[in-house]
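Have a look at data_8.tsv below; it lists TSV, C-alpha atoms.
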```
chain	number	residue	atom	x	y	z
I	298	LEU	CA	86.52	70.87	88.94
I	299	LEU	CA	89.78	69.66	90.38
I	300	ARG	CA	92.29	72.36	89.76
I	301	ALA	CA	96.00	71.97	90.36
I	302	ARG	CA	96.24	73.87	93.56
I	303	SER	CA	97.14	72.98	97.14
I	304	ARG	CA	96.50	74.13	100.66
I	305	ARG	CA	98.11	73.40	103.99
I	306	ARG	CA	96.22	71.95	106.92
I	307	GLY	CA	98.68	72.22	109.78
I	308	GLN	CA	101.81	70.38	108.64
I	309	GLN	CA	99.83	68.17	106.23
I	310	ARG	CA	99.76	69.17	102.58
I	311	VAL	CA	96.60	68.25	100.69
I	312	CYS	CA	96.77	68.34	96.89
I	313	LEU	CA	93.32	68.76	95.36
I	314	ASN	CA	94.31	67.17	92.05
I	315	ASP	CA	95.31	63.93	93.79
I	316	PRO	CA	92.22	61.94	94.88
I	317	HIS	CA	94.28	59.77	97.22
I	318	THR	CA	95.02	62.77	99.45
I	319	LEU	CA	91.50	64.25	99.50
I	320	SER	CA	89.61	64.30	102.76
I	321	GLN	CA	86.15	62.76	103.00
I	322	LYS	CA	84.67	66.22	103.51
I	323	THR	CA	86.30	67.53	100.34
I	324	LEU	CA	85.11	64.52	98.33
I	325	ARG	CA	81.53	65.03	99.53
I	326	MET	CA	81.70	68.72	98.60
I	327	LEU	CA	83.03	68.02	95.11
I	328	SER	CA	80.50	65.22	94.56
I	329	ALA	CA	77.66	67.55	95.48
I	330	ILE	CA	78.91	70.23	93.07
I	331	PHE	CA	79.32	67.69	90.27
I	332	TYR	CA	75.85	66.22	90.89
I	333	ARG	CA	74.20	69.63	90.87
I	334	SER	CA	75.93	70.61	87.61
I	335	ILE	CA	74.83	67.37	85.92
I	336	THR	CA	71.28	67.76	87.20
I	337	LEU	CA	71.05	71.38	86.03
I	338	SER	CA	72.39	70.43	82.59
I	339	SER	CA	69.87	67.59	82.34
I	340	LEU	CA	67.01	69.89	83.29
I	341	LEU	CA	68.05	72.46	80.69
I	342	CYS	CA	68.29	69.81	77.96
I	343	THR	CA	64.91	68.39	78.98
I	344	SER	CA	63.38	71.87	78.95
I	345	ARG	CA	64.68	72.54	75.44
I	346	ALA	CA	63.43	69.17	74.22
I	347	LEU	CA	59.98	69.73	75.72
I	348	SER	CA	59.74	73.22	74.22
I	349	THR	CA	60.66	71.81	70.79
I	350	VAL	CA	58.12	69.01	71.05
I	351	GLY	CA	55.42	71.35	72.33
I	352	SER	CA	55.81	73.89	69.54
I	353	GLU	CA	54.25	73.07	66.20
I	354	LYS	CA	56.43	73.56	63.14
I	355	LYS	CA	55.39	76.24	60.69
I	356	ARG	CA	54.39	74.80	57.35
I	357	ILE	CA	55.81	76.15	54.07
I	358	LEU	CA	54.75	75.32	50.51
I	359	VAL	CA	57.62	75.83	48.07
I	360	LEU	CA	56.67	76.13	44.42
I	361	GLY	CA	59.61	74.84	42.39
I	362	GLY	CA	61.26	73.21	45.39
I	363	SER	CA	63.29	70.83	43.23
I	364	GLY	CA	65.00	73.68	41.36
I	365	PHE	CA	68.16	75.70	41.96
I	366	LEU	CA	66.80	78.32	44.36
I	367	GLY	CA	63.83	76.29	45.60
I	368	GLY	CA	66.08	73.39	46.60
I	369	GLU	CA	68.50	75.65	48.45
I	370	PHE	CA	65.65	77.39	50.25
I	371	SER	CA	64.08	74.06	51.22
I	372	LYS	CA	67.37	72.79	52.63
I	373	ARG	CA	67.82	75.85	54.81
I	374	ALA	CA	64.18	75.92	55.89
I	375	ILE	CA	64.40	72.29	57.03
I	376	ALA	CA	67.57	73.17	58.98
I	377	SER	CA	65.60	75.99	60.64
I	378	ASN	CA	62.94	73.52	61.82
I	379	TYR	CA	60.20	74.29	59.30
I	380	SER	CA	57.93	71.70	57.71
I	381	VAL	CA	58.50	71.95	53.95
I	382	THR	CA	56.44	70.68	51.03
I	383	SER	CA	57.70	71.10	47.47
I	384	LEU	CA	55.44	71.23	44.42
I	385	SER	CA	57.08	70.91	41.01
I	386	ARG	CA	56.72	69.13	37.67
I	387	ARG	CA	59.68	66.90	38.47
I	388	GLY	CA	58.57	65.96	41.96
I	389	LYS	CA	61.35	64.37	43.97
I	390	PRO	CA	64.67	64.89	42.17
I	391	SER	CA	66.64	61.76	41.28
I	392	GLU	CA	69.76	63.35	42.75
I	393	GLY	CA	70.14	65.82	45.59
I	394	ALA	CA	66.77	65.21	47.25
I	395	ILE	CA	66.64	66.85	50.68
I	396	ASP	CA	65.79	64.73	53.70
I	397	GLY	CA	62.62	65.92	55.38
I	398	VAL	CA	61.05	67.60	52.34
I	399	ASN	CA	57.67	66.29	51.19
I	400	TYR	CA	57.96	66.24	47.40
I	401	LEU	CA	54.75	66.50	45.37
I	402	THR	CA	54.45	66.26	41.60
I	403	GLY	CA	52.11	68.70	39.88
I	404	ASP	CA	51.83	71.32	37.16
I	405	ALA	CA	51.50	74.71	38.84
I	406	THR	CA	50.55	76.32	35.52
I	407	GLN	CA	47.19	74.52	35.70
I	408	LYS	CA	44.56	76.56	37.53
I	409	GLY	CA	43.49	75.01	40.84
I	410	VAL	CA	46.59	72.87	41.40
I	411	ILE	CA	48.33	75.26	43.81
I	412	SER	CA	45.11	76.07	45.68
I	413	SER	CA	44.27	72.39	46.08
I	414	VAL	CA	47.66	71.57	47.55
I	415	ALA	CA	47.69	74.69	49.73
I	416	ASN	CA	44.25	74.08	51.22
I	417	GLU	CA	45.07	70.48	52.07
I	418	GLY	CA	48.21	71.51	53.94
I	419	ASP	CA	46.96	74.67	55.68
I	420	TYR	CA	50.30	76.36	55.08
I	421	ASP	CA	51.63	79.38	56.94
I	422	ALA	CA	53.61	80.60	53.93
I	423	ILE	CA	53.99	80.07	50.19
I	424	VAL	CA	57.36	80.57	48.50
I	425	HIS	CA	57.40	81.03	44.71
I	426	CYS	CA	60.67	79.84	43.14
I	427	ILE	CA	59.35	78.88	39.71
I	428	GLY	CA	61.04	80.60	36.81
I	429	LEU	CA	63.03	80.38	33.60
I	430	LEU	CA	65.34	82.73	31.76
I	431	PHE	CA	64.47	81.84	28.16
I	432	ASP	CA	60.93	80.81	27.18
I	433	ALA	CA	59.83	78.90	24.09
I	434	ASP	CA	59.13	82.11	22.14
I	435	SER	CA	62.61	83.53	22.75
I	436	GLY	CA	64.33	81.11	20.37
I	437	LEU	CA	66.87	80.47	23.11
I	438	ALA	CA	65.03	77.80	25.11
I	439	ASP	CA	67.73	75.17	24.55
I	440	TYR	CA	70.18	77.30	26.52
I	441	ASN	CA	68.15	76.94	29.72
I	442	ARG	CA	69.90	73.68	30.55
I	443	PHE	CA	73.17	75.63	30.70
I	444	VAL	CA	72.05	78.83	32.41
I	445	SER	CA	69.59	77.18	34.78
I	446	GLY	CA	71.10	76.40	38.16
I	447	SER	CA	69.33	73.03	38.23
I	448	GLY	CA	69.92	72.28	34.54
I	449	SER	CA	66.18	71.92	34.00
I	450	ILE	CA	64.51	71.63	30.61
I	451	ILE	CA	61.34	73.66	30.19
I	452	LYS	CA	57.99	72.22	29.18
I	453	GLU	CA	57.46	72.33	25.44
I	454	GLY	CA	55.81	75.58	24.40
I	455	ALA	CA	56.21	77.15	27.86
I	456	THR	CA	56.12	80.94	27.90
I	457	TYR	CA	56.79	83.58	30.54
I	458	ASP	CA	53.04	84.04	30.78
I	459	ASP	CA	52.64	80.37	31.74
I	460	ILE	CA	55.65	79.86	33.96
I	461	THR	CA	55.81	83.22	35.72
I	462	ARG	CA	52.56	85.15	35.47
I	463	LYS	CA	50.06	82.32	35.81
I	464	THR	CA	51.87	80.43	38.56
I	465	GLY	CA	52.53	83.66	40.45
I	466	ILE	CA	48.92	84.80	40.34
I	467	TYR	CA	47.67	81.32	41.24
I	468	ALA	CA	50.01	81.43	44.23
I	469	VAL	CA	48.54	84.78	45.36
I	470	GLU	CA	45.02	83.41	45.03
I	471	ALA	CA	45.96	80.35	47.09
I	472	ALA	CA	47.51	82.56	49.77
I	473	GLU	CA	44.35	84.66	49.93
I	474	GLU	CA	42.20	81.54	50.34
I	475	LEU	CA	44.39	80.36	53.21
I	476	ALA	CA	44.05	83.74	54.93
I	477	ARG	CA	40.27	83.78	54.58
I	478	ALA	CA	40.06	80.30	56.09
I	479	ARG	CA	41.93	81.33	59.25
I	480	SER	CA	39.88	82.34	62.26
I	481	SER	CA	42.61	84.83	63.18
I	482	ASN	CA	42.37	86.62	59.82
I	483	GLU	CA	46.16	86.61	59.74
I	484	PRO	CA	47.60	87.27	56.26
I	485	THR	CA	49.54	84.53	54.51
I	486	SER	CA	53.21	85.24	53.93
I	487	LEU	CA	54.08	84.94	50.25
I	488	ILE	CA	57.64	85.21	48.99
I	489	PHE	CA	57.95	85.91	45.29
I	490	THR	CA	61.27	85.73	43.45
I	491	SER	CA	61.20	88.60	40.98
I	492	ALA	CA	64.11	90.30	39.19
I	493	ALA	CA	66.17	93.44	39.78
I	494	GLU	CA	65.43	94.61	36.25
I	495	VAL	CA	61.74	94.94	37.12
I	496	GLY	CA	62.83	98.16	38.82
I	497	TRP	CA	63.98	99.66	35.53
I	498	GLN	CA	60.56	101.27	35.14
I	499	GLU	CA	60.88	102.90	38.58
I	500	ASP	CA	63.18	105.92	38.54
I	501	ASP	CA	63.53	105.92	42.31
I	502	MET	CA	64.76	102.31	42.21
I	503	GLN	CA	67.06	102.14	39.17
I	504	PRO	CA	67.53	105.46	37.31
I	505	GLY	CA	68.30	105.07	33.63
I	506	GLY	CA	66.77	101.64	33.39
I	507	LYS	CA	63.64	102.90	31.67
I	508	LEU	CA	65.57	104.10	28.63
I	509	LEU	CA	67.67	100.94	28.61
I	510	GLU	CA	64.59	98.73	28.55
I	511	GLU	CA	62.81	100.78	25.93
I	512	PHE	CA	65.60	101.07	23.39
I	513	LEU	CA	68.10	98.27	24.07
I	514	ALA	CA	66.32	95.36	25.76
I	515	PRO	CA	65.50	92.40	23.46
I	516	GLY	CA	61.91	91.32	23.07
I	517	TRP	CA	62.25	88.24	25.24
I	518	LEU	CA	63.54	90.34	28.16
I	519	LYS	CA	60.63	92.78	27.88
I	520	ARG	CA	58.16	89.89	28.03
I	521	TYR	CA	60.09	88.36	30.94
I	522	LEU	CA	59.81	91.59	32.93
I	523	LYS	CA	56.17	92.11	31.97
I	524	ALA	CA	55.26	88.75	33.52
I	525	LYS	CA	57.18	89.55	36.72
I	526	ARG	CA	55.48	92.94	37.02
I	527	ALA	CA	52.04	91.38	36.60
I	528	VAL	CA	52.66	89.12	39.60
I	529	GLU	CA	54.05	91.98	41.68
I	530	ALA	CA	50.94	94.05	40.90
I	531	ARG	CA	48.66	91.20	41.94
I	532	LEU	CA	50.62	90.84	45.18
I	533	VAL	CA	49.97	94.49	45.98
I	534	GLU	CA	46.23	93.83	45.61
I	535	GLY	CA	46.44	90.93	48.03
I	536	GLU	CA	48.36	93.04	50.51
I	537	GLN	CA	45.89	95.93	50.30
I	538	ALA	CA	43.07	93.48	51.00
I	539	GLY	CA	44.87	92.42	54.19
I	540	LEU	CA	45.16	88.82	53.00
I	541	VAL	CA	48.81	88.59	51.94
I	542	ARG	CA	52.08	89.59	53.53
I	543	ARG	CA	53.95	90.60	50.38
I	544	ILE	CA	57.68	89.78	50.29
I	545	VAL	CA	59.31	90.37	46.89
I	546	PHE	CA	62.97	89.58	46.35
I	547	ARG	CA	64.54	91.26	43.33
I	548	PRO	CA	67.92	89.64	42.67
I	549	SER	CA	69.81	90.32	39.46
I	550	LEU	CA	71.81	87.16	38.75
I	551	ILE	CA	71.77	84.29	41.24
I	552	TYR	CA	74.91	82.21	41.29
I	553	SER	CA	76.92	79.62	43.17
I	554	TYR	CA	80.69	79.14	43.14
I	555	ASP	CA	80.30	75.44	42.39
I	556	ARG	CA	78.67	76.28	39.02
I	557	LEU	CA	81.50	77.77	36.99
I	558	GLY	CA	79.43	78.35	33.86
I	559	SER	CA	77.51	81.19	35.51
I	560	LEU	CA	80.54	83.11	36.74
I	561	PRO	CA	81.52	85.13	33.59
I	562	PRO	CA	78.21	87.07	33.35
I	563	VAL	CA	78.15	87.37	37.13
I	564	GLY	CA	81.56	89.03	37.00
I	565	ALA	CA	80.29	91.54	34.44
I	566	PHE	CA	77.32	92.46	36.63
I	567	ILE	CA	79.50	92.81	39.72
I	568	LEU	CA	81.83	95.12	37.81
I	569	GLY	CA	78.94	97.18	36.44
I	570	ASN	CA	77.53	97.65	39.92
I	571	LYS	CA	80.97	98.43	41.33
I	572	VAL	CA	81.64	101.24	38.88
I	573	GLY	CA	78.29	102.80	39.76
I	574	LEU	CA	75.93	101.91	36.92
I	575	PRO	CA	72.57	102.73	38.57
I	576	PHE	CA	70.60	100.16	36.57
I	577	VAL	CA	72.85	97.19	37.50
I	578	ASP	CA	72.34	95.43	40.83
I	579	ARG	CA	75.07	93.27	42.31
I	580	PRO	CA	74.41	89.51	41.88
I	581	VAL	CA	73.81	87.39	44.98
I	582	THR	CA	74.73	83.81	45.79
I	583	VAL	CA	71.91	81.30	45.98
I	584	GLN	CA	72.98	80.46	49.53
I	585	CYS	CA	72.77	84.09	50.63
I	586	LEU	CA	69.38	84.60	48.97
I	587	ALA	CA	67.95	81.41	50.47
I	588	ASN	CA	69.11	82.44	53.95
I	589	ALA	CA	67.49	85.85	53.53
I	590	MET	CA	64.21	84.30	52.42
I	591	VAL	CA	64.12	81.97	55.43
I	592	ALA	CA	64.88	84.91	57.74
I	593	THR	CA	61.73	86.76	56.64
I	594	LEU	CA	59.59	83.87	57.90
I	595	GLY	CA	61.04	83.73	61.39
I	596	LYS	CA	63.84	86.07	62.39
I	597	ASP	CA	62.32	89.27	60.99
I	598	LEU	CA	58.55	89.14	60.59
I	599	SER	CA	58.42	92.89	59.98
I	600	VAL	CA	59.82	92.50	56.47
I	601	SER	CA	57.49	93.23	53.56
I	602	GLY	CA	57.66	94.79	50.11
I	603	ILE	CA	60.66	94.97	47.78
I	604	GLN	CA	63.99	93.45	48.86
I	605	ARG	CA	67.08	94.28	46.79
I	606	PHE	CA	70.64	93.00	47.11
I	607	LYS	CA	71.52	95.12	50.15
I	608	ASP	CA	68.40	93.85	51.91
I	609	VAL	CA	69.46	90.30	51.04
I	610	ASP	CA	72.83	90.93	52.67
I	611	ARG	CA	71.22	92.23	55.86
I	612	LEU	CA	68.62	89.49	56.16
I	613	ALA	CA	71.10	86.72	55.42
I	614	SER	CA	73.28	87.91	58.30
I	615	LEU	CA	70.52	87.64	60.94
```
As structure tokens, how would this structure be written, given the file I've shared?
Amino acid sequence: LLRARSRRRGQQRVCLNDPHTLSQKTLRMLSAIFYRSITLSSLLCTSRALSTVGSEKKRILVLGGSGFLGGEFSKRAIASNYSVTSLSRRGKPSEGAIDGVNYLTGDATQKGVISSVANEGDYDAIVHCIGLLFDADSGLADYNRFVSGSGSIIKEGATYDDITRKTGIYAVEAAEELARARSSNEPTSLIFTSAAEVGWQEDDMQPGGKLLEEFLAPGWLKRYLKAKRAVEARLVEGEQAGLVRRIVFRPSLIYSYDRLGSLPPVGAFILGNKVGLPFVDRPVTVQCLANAMVATLGKDLSVSGIQRFKDVDRLASL
């Protein structure tokens, strides 16, 4: 408040940055200004604190919250002032557990488990982050520990039908039950993590992909995409019934710069998308995808339907 300036009062020079030369009147004026600024700041801080206390946190159930994407989403949702519960086979991870997350242990492939947890918590949204690249029938299951962002090992005998289709459909059913229980009849937001390659069967989404899937895709990939499509179809039913707000993210590869093992295939996908291959979507970072997912639950409630990599970029920037 005291700026290095001076004024003359008759022959006397008063320097306002020297308290020994200030008049009593000037001191009283400056004290009043200082007091008012402190009081206003205190009132603003108190107002913000009261508004935070008075507003109830939205509750989110994250399926697979101890995994690569689920953990990143949970961290960013907590930072955005949501109440987060994670349901996974591992429960609370031994390393990298996120402060504020309520970790529950349970097998989401068992019918009734997701609904039971969801009904007890009266959640505003369900986020499905359960998945695997290679199932037990692919013959490549041992490679999951290397390609999985969390280094997880799948349950013995686990198939895409178990891990993706069943858990996804059970999640939709739980979301519908939550919506029916609300007096407001408001639909439950459900975020499902699908895959860009699901769009190969849709010419308006990824031209050329249909032929690629039919003639070149290995059997395990066809079964992987079949399970994803089954969940997406069930989500459409829930949306048409007015019970589910359907939010489907379709990333290609999800990566992070601190996991070097995933970068070579990511580079190939980025190059393929850059040169214009219509059936190759650009990979996204797990941080960017998690930010986009959180944004759909608060910053942009108008979002619904399919979200591809360009949509991820936009949402993550909100």
Output as a Markdown table one row per residue of range 367-459 of chain I within 12 Å of range 595-602 of chain I: the closest atom pair and its distance in Å to one decimal place, counting all atoms listed in the file, sorted by chain and residue number ascending.
```
| residue | atom | partner | partner_atom | distance |
| --- | --- | --- | --- | --- |
| I:Ala374 | CA | I:Gly595 | CA | 10.1 |
| I:Ser377 | CA | I:Gly595 | CA | 9.0 |
| I:Asn378 | CA | I:Gly595 | CA | 10.4 |
| I:Tyr379 | CA | I:Gly595 | CA | 9.7 |
| I:Asp421 | CA | I:Gly595 | CA | 11.3 |
| I:Ala422 | CA | I:Gly595 | CA | 11.0 |
```
| Interatomic distance (Å, one decimal) between CA of Ala455 in chain I and CA of Asp434 in chain I | 8.1 Å
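Near Val577 in chain I, within a cut-off of 9 Å and counting all atoms listed in the file, sit the residues Ala493, Glu494, Gln503, Gly506, Ser549, Phe566, Ile567, Gly569, Asn570 and Gly573 of chain I, with same-chain residues fewer than 4 positions away left out.
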| field | Atomic separation - CA of Leu508 in chain I relative to CA of Pro548 in chain I, Å | value |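 Separating CA of Pro548 in chain I from CA of Leu508 in chain I is a distance of 20.3 Å.
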| message | With distances taken over only C-alpha atoms, which residue among I:Gln407, I:Thr490, I:Thr582, I:Gln537 lies nearest Tyr554 in chain I? | response |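 Among the listed residues, the smallest separation from Tyr554 in chain I belongs to I:Thr582.
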| request: Tell me, as JSON, numbers by chain, which residues lie within 9 Å of Thr402 in chain I, counting all atoms listed in the file; anything in the same chain fewer than 5 positions away does not count. | output: {"I": [383, 384, 385, 386, 387, 388, 389]}
| request: Please identify all polymer residues within 9 Å of Ala476 in chain I, counting all atoms listed in the file, omitting same-chain residues fewer than 5 positions from it, and present them as a list of chain:residue names. | output: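 Result of the neighbour search: I:Asp421, I:Ala471, I:Ser481, I:Asn482, I:Glu483, I:Pro484, I:Thr485, I:Gly539, I:Leu540, I:Val541.
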| Could you name the residues that touch range 354-362 of chain I at 8 Å or less, counting only C-alpha atoms, but leaving out those on the same chain fewer than 3 positions away, as a list in words? |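 Contacts, with the query itself left out: Leu366, Gly367, Gly368, Phe370, Ser371, Asn378, Tyr379, Ser380, Val381, Thr382, Ser383, Leu384, Ser385, Arg386, Tyr400, Ala405, Ala415, Gly418, Asp419, Tyr420, Asp421, Ala422, Ile423, Val424, His425, Cys426 and Ile427 of chain I.
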| query | Do you have the CA of Ala524 in chain I-CA of Arg462 in chain I distance handy? | reply | 4.9 Å
Using all atoms of range 529-541 of chain I that appear in the file, construct an axis-aligned enclosing box with 4 Å of padding on every side and provide its centre coordinates and edge lengths in Å, rounded to one decimal, as AutoDock Vina command-line options.
```
--center_x 48.6 --center_y 92.3 --center_z 47.5 --size_x 19.0 --size_y 15.3 --size_z 21.3
```
| query | Nearest to Ser413 in chain I: which of I:Leu437, I:Leu475, I:Ile603, I:Leu586 is it, counting all atoms listed in the file? | reply |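 Under the stated criterion, the closest residue is I:Leu475.
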| query | Of the candidates I:Thr593, I:Ser435, I:Asn416, I:Gln584, which one gets nearest to Arg373 in chain I if we count all atoms listed in the file? | reply | I:Gln584
| note | Shortest contact to Glu417 in chain I, candidates I:Glu474, I:Asp458, I:Asp501, I:Glu392, atoms counted only C-alpha atoms, goes to I:Glu474
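Nearest to Arg547 in chain I of all the residues I:Ala565, I:Ala530, I:Ile466, I:Val581 is I:Val581, based on all atoms listed in the file.
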| field | Who sits within 9 Å of Thr406 in chain I, only C-alpha atoms, same chain under 4 positions skipped, as a list of chain:residue names | value |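 Using only C-alpha atoms, the neighbours found are I:Val410, I:Ile411, I:Asp459, I:Ile460, I:Thr461, I:Lys463, I:Thr464, I:Tyr467.
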| Using all atoms listed in the file, which residue out of I:Gln604, I:Asn588, I:Ser553, I:Ser363 lies closest to Ala492 in chain I? |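 Once distances to Ala492 in chain I are computed over all atoms listed in the file, the minimum belongs to I:Gln604.
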| In file coordinates, which residues lie within 12 Å of (66.1, 93.2, 28.1) using only C-alpha atoms, given as a list of chain:residue names? |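 Every residue inside that radius is included here: I:Leu430, I:Phe431, I:Ser435, I:Ala492, I:Ala493, I:Glu494, I:Val495, I:Trp497, I:Gly506, I:Lys507, I:Leu508, I:Leu509, I:Glu510, I:Glu511, I:Phe512, I:Leu513, I:Ala514, I:Pro515, I:Gly516, I:Trp517, I:Leu518, I:Lys519, I:Arg520, I:Tyr521, I:Leu522, I:Lys523, I:Phe576.
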